[in-house]
file run_15.pdb (PDB, C-alpha atoms)
ATOM      1  CA  MET A 486       6.337  27.516 -14.142  1.00  0.00           C
ATOM      2  CA  ALA A 487       8.088  24.749 -16.036  1.00  0.00           C
ATOM      3  CA  GLY A 488      11.260  23.141 -14.771  1.00  0.00           C
ATOM      4  CA  GLN A 489      10.690  23.192 -11.006  1.00  0.00           C
ATOM      5  CA  ILE A 490      10.876  19.402 -10.783  1.00  0.00           C
ATOM      6  CA  HIS A 491      14.105  19.347 -12.781  1.00  0.00           C
ATOM      7  CA  ALA A 492      15.614  22.028 -10.553  1.00  0.00           C
ATOM      8  CA  ALA A 493      14.598  20.173  -7.386  1.00  0.00           C
ATOM      9  CA  ILE A 494      16.040  16.887  -8.661  1.00  0.00           C
ATOM     10  CA  GLN A 495      19.297  18.569  -9.635  1.00  0.00           C
ATOM     11  CA  LYS A 496      19.542  20.234  -6.235  1.00  0.00           C
ATOM     12  CA  ILE A 497      19.141  16.868  -4.513  1.00  0.00           C
ATOM     13  CA  ILE A 498      21.830  15.297  -6.698  1.00  0.00           C
ATOM     14  CA  VAL A 499      24.313  18.167  -6.360  1.00  0.00           C
ATOM     15  CA  THR A 500      23.765  18.648  -2.628  1.00  0.00           C
ATOM     16  CA  ARG A 501      24.271  14.981  -1.813  1.00  0.00           C
ATOM     17  CA  GLY A 502      27.087  14.512  -4.309  1.00  0.00           C
ATOM     18  CA  LYS A 503      29.214  17.501  -3.288  1.00  0.00           C
ATOM     19  CA  GLY A 504      31.226  17.101  -6.491  1.00  0.00           C
ATOM     20  CA  ASN A 505      31.722  13.330  -6.142  1.00  0.00           C
ATOM     21  CA  ARG A 506      30.382  11.654  -9.311  1.00  0.00           C
ATOM     22  CA  VAL A 507      30.025   8.262  -7.602  1.00  0.00           C
ATOM     23  CA  ILE A 508      27.723   9.685  -4.931  1.00  0.00           C
ATOM     24  CA  GLU A 509      25.814  11.670  -7.566  1.00  0.00           C
ATOM     25  CA  ASN A 510      25.225   8.480  -9.566  1.00  0.00           C
ATOM     26  CA  GLY A 511      24.216   6.658  -6.389  1.00  0.00           C
ATOM     27  CA  THR A 512      21.734   9.420  -5.609  1.00  0.00           C
ATOM     28  CA  LYS A 513      20.276   9.144  -9.110  1.00  0.00           C
ATOM     29  CA  THR A 514      19.869   5.414  -8.516  1.00  0.00           C
ATOM     30  CA  LYS A 515      18.146   6.010  -5.172  1.00  0.00           C
ATOM     31  CA  LEU A 516      15.776   8.457  -6.852  1.00  0.00           C
ATOM     32  CA  LEU A 517      15.088   5.942  -9.610  1.00  0.00           C
ATOM     33  CA  LEU A 518      14.207   3.305  -7.007  1.00  0.00           C
ATOM     34  CA  LYS A 519      11.749   5.814  -5.523  1.00  0.00           C
ATOM     35  CA  GLY A 520      10.120   6.217  -8.960  1.00  0.00           C
ATOM     36  CA  ILE A 521      11.871   9.438  -9.983  1.00  0.00           C
ATOM     37  CA  ASN A 522      13.791   9.176 -13.245  1.00  0.00           C
ATOM     38  CA  ALA A 523      16.185  12.136 -13.182  1.00  0.00           C
ATOM     39  CA  SER A 524      17.020  11.857 -16.879  1.00  0.00           C
ATOM     40  CA  LYS A 525      13.343  12.172 -17.848  1.00  0.00           C
ATOM     41  CA  TRP A 526      12.978  15.722 -16.503  1.00  0.00           C
ATOM     42  CA  THR A 527      14.393  18.786 -18.260  1.00  0.00           C
ATOM     43  CA  SER A 528      14.155  22.497 -17.602  1.00  0.00           C
ATOM     44  CA  MET A 529      11.363  22.643 -20.196  1.00  0.00           C
ATOM     45  CA  SER A 530       9.284  19.806 -18.685  1.00  0.00           C
ATOM     46  CA  PRO A 531       5.856  20.813 -17.389  1.00  0.00           C
ATOM     47  CA  ASP A 532       5.454  20.556 -13.639  1.00  0.00           C
ATOM     48  CA  ASP A 533       3.262  17.798 -12.240  1.00  0.00           C
ATOM     49  CA  PRO A 534       2.004  18.370  -8.679  1.00  0.00           C
ATOM     50  CA  VAL A 535       2.008  14.646  -7.892  1.00  0.00           C
ATOM     51  CA  MET A 536       5.604  14.214  -9.041  1.00  0.00           C
ATOM     52  CA  MET A 537       6.675  17.366  -7.214  1.00  0.00           C
ATOM     53  CA  SER A 538       5.315  15.984  -3.951  1.00  0.00           C
ATOM     54  CA  LYS A 539       7.162  12.724  -4.670  1.00  0.00           C
ATOM     55  CA  VAL A 540      10.412  14.679  -5.215  1.00  0.00           C
ATOM     56  CA  LYS A 541       9.882  16.668  -1.999  1.00  0.00           C
ATOM     57  CA  GLN A 542       9.320  13.440  -0.051  1.00  0.00           C
ATOM     58  CA  ALA A 543      12.472  11.907  -1.540  1.00  0.00           C
ATOM     59  CA  ALA A 544      14.454  15.050  -0.661  1.00  0.00           C
ATOM     60  CA  PHE A 545      13.208  14.826   2.919  1.00  0.00           C
ATOM     61  CA  GLU A 546      14.170  11.160   3.146  1.00  0.00           C
ATOM     62  CA  LEU A 547      17.629  11.895   1.723  1.00  0.00           C
ATOM     63  CA  GLY A 548      18.167  14.822   4.096  1.00  0.00           C
ATOM     64  CA  VAL A 549      18.120  17.618   1.520  1.00  0.00           C
ATOM     65  CA  SER A 550      16.022  20.748   1.890  1.00  0.00           C
ATOM     66  CA  ILE A 551      14.572  22.129  -1.322  1.00  0.00           C
TER      67      ILE A 551
END
call {"tool": "encode", "arguments": {"input": "run_15.pdb", "output": "C-alpha cells"}}
result
Amino acid sequence: MAGQIHAAIQKIIVTRGKGNRVIENGTKTKLLLKGINASKWTSMSPDDPVMMSKVKQAAFELGVSI
C-alpha cells in the first residue's frame, strides 16, 4: 500500500509539533539529520521496507508511537 511512509512521517511531525510551526520545522530538521527527507515522500510514493524501518526507529527515538 503506497503512502505509509508519508503518513508515518506526517504523524511524527504533527504529534511532536502540536500545532506549533517552529517545533514542526525542527522535527523535520531532526528527521532530515537522520536521513529522512519529509518533503521527498508523498501519499503516492511507493513504500520501501528499509525506509519504513528507519522512520519507525526515528519515531521511537523522538517518543512518538506510530
call {"tool": "resolve_selection", "arguments": {"input": "run_15.pdb", "expression": "the PyMOL selection byres ((chain A and resi 496) around 12)", "output": "list in words"}}
result
Gln489, Ile490, His491, Ala492, Ala493, Ile494, Gln495, Ile497, Ile498, Val499, Thr500, Arg501, Gly502, Lys503, Glu509, Thr512, Lys513, Ala523, Val540, Lys541, Ala543, Ala544, Leu547, Gly548, Val549, Ser550 and Ile551 of chain A
call {"tool": "atom_distance", "arguments": {"input": "run_15.pdb", "atom1": "atom CA of Ile521 of chain A", "atom2": "atom CA of Pro534 of chain A"}}
result
13.4 Å
call {"tool": "atom_distance", "arguments": {"input": "run_15.pdb", "atom1": "atom CA of Met529 of chain A", "atom2": "atom CA of Lys515 of chain A"}}
result
23.4 Å
call {"tool": "resolve_selection", "arguments": {"input": "run_15.pdb", "expression": "the PyMOL selection byres ((chain A and resi 532) around 8)", "output": "list in words"}}
result
Met486, Ala487, Gly488, Gln489, Ile490, Ser530, Pro531, Asp533, Pro534, Met536 and Met537 of chain A
call {"tool": "atom_distance", "arguments": {"input": "run_15.pdb", "atom1": "atom CA of Leu516 of chain A", "atom2": "atom CA of Val535 of chain A"}}
result
15.1 Å
call {"tool": "axis_aligned_box", "arguments": {"input": "run_15.pdb", "around": "segment 513-531 of chain A", "padding_each_side": "6 Å", "output": "lines of an AutoDock Vina configuration file"}}
result
center_x = 13.1
center_y = 13.0
center_z = -12.7
size_x = 26.4
size_y = 31.3
size_z = 27.0
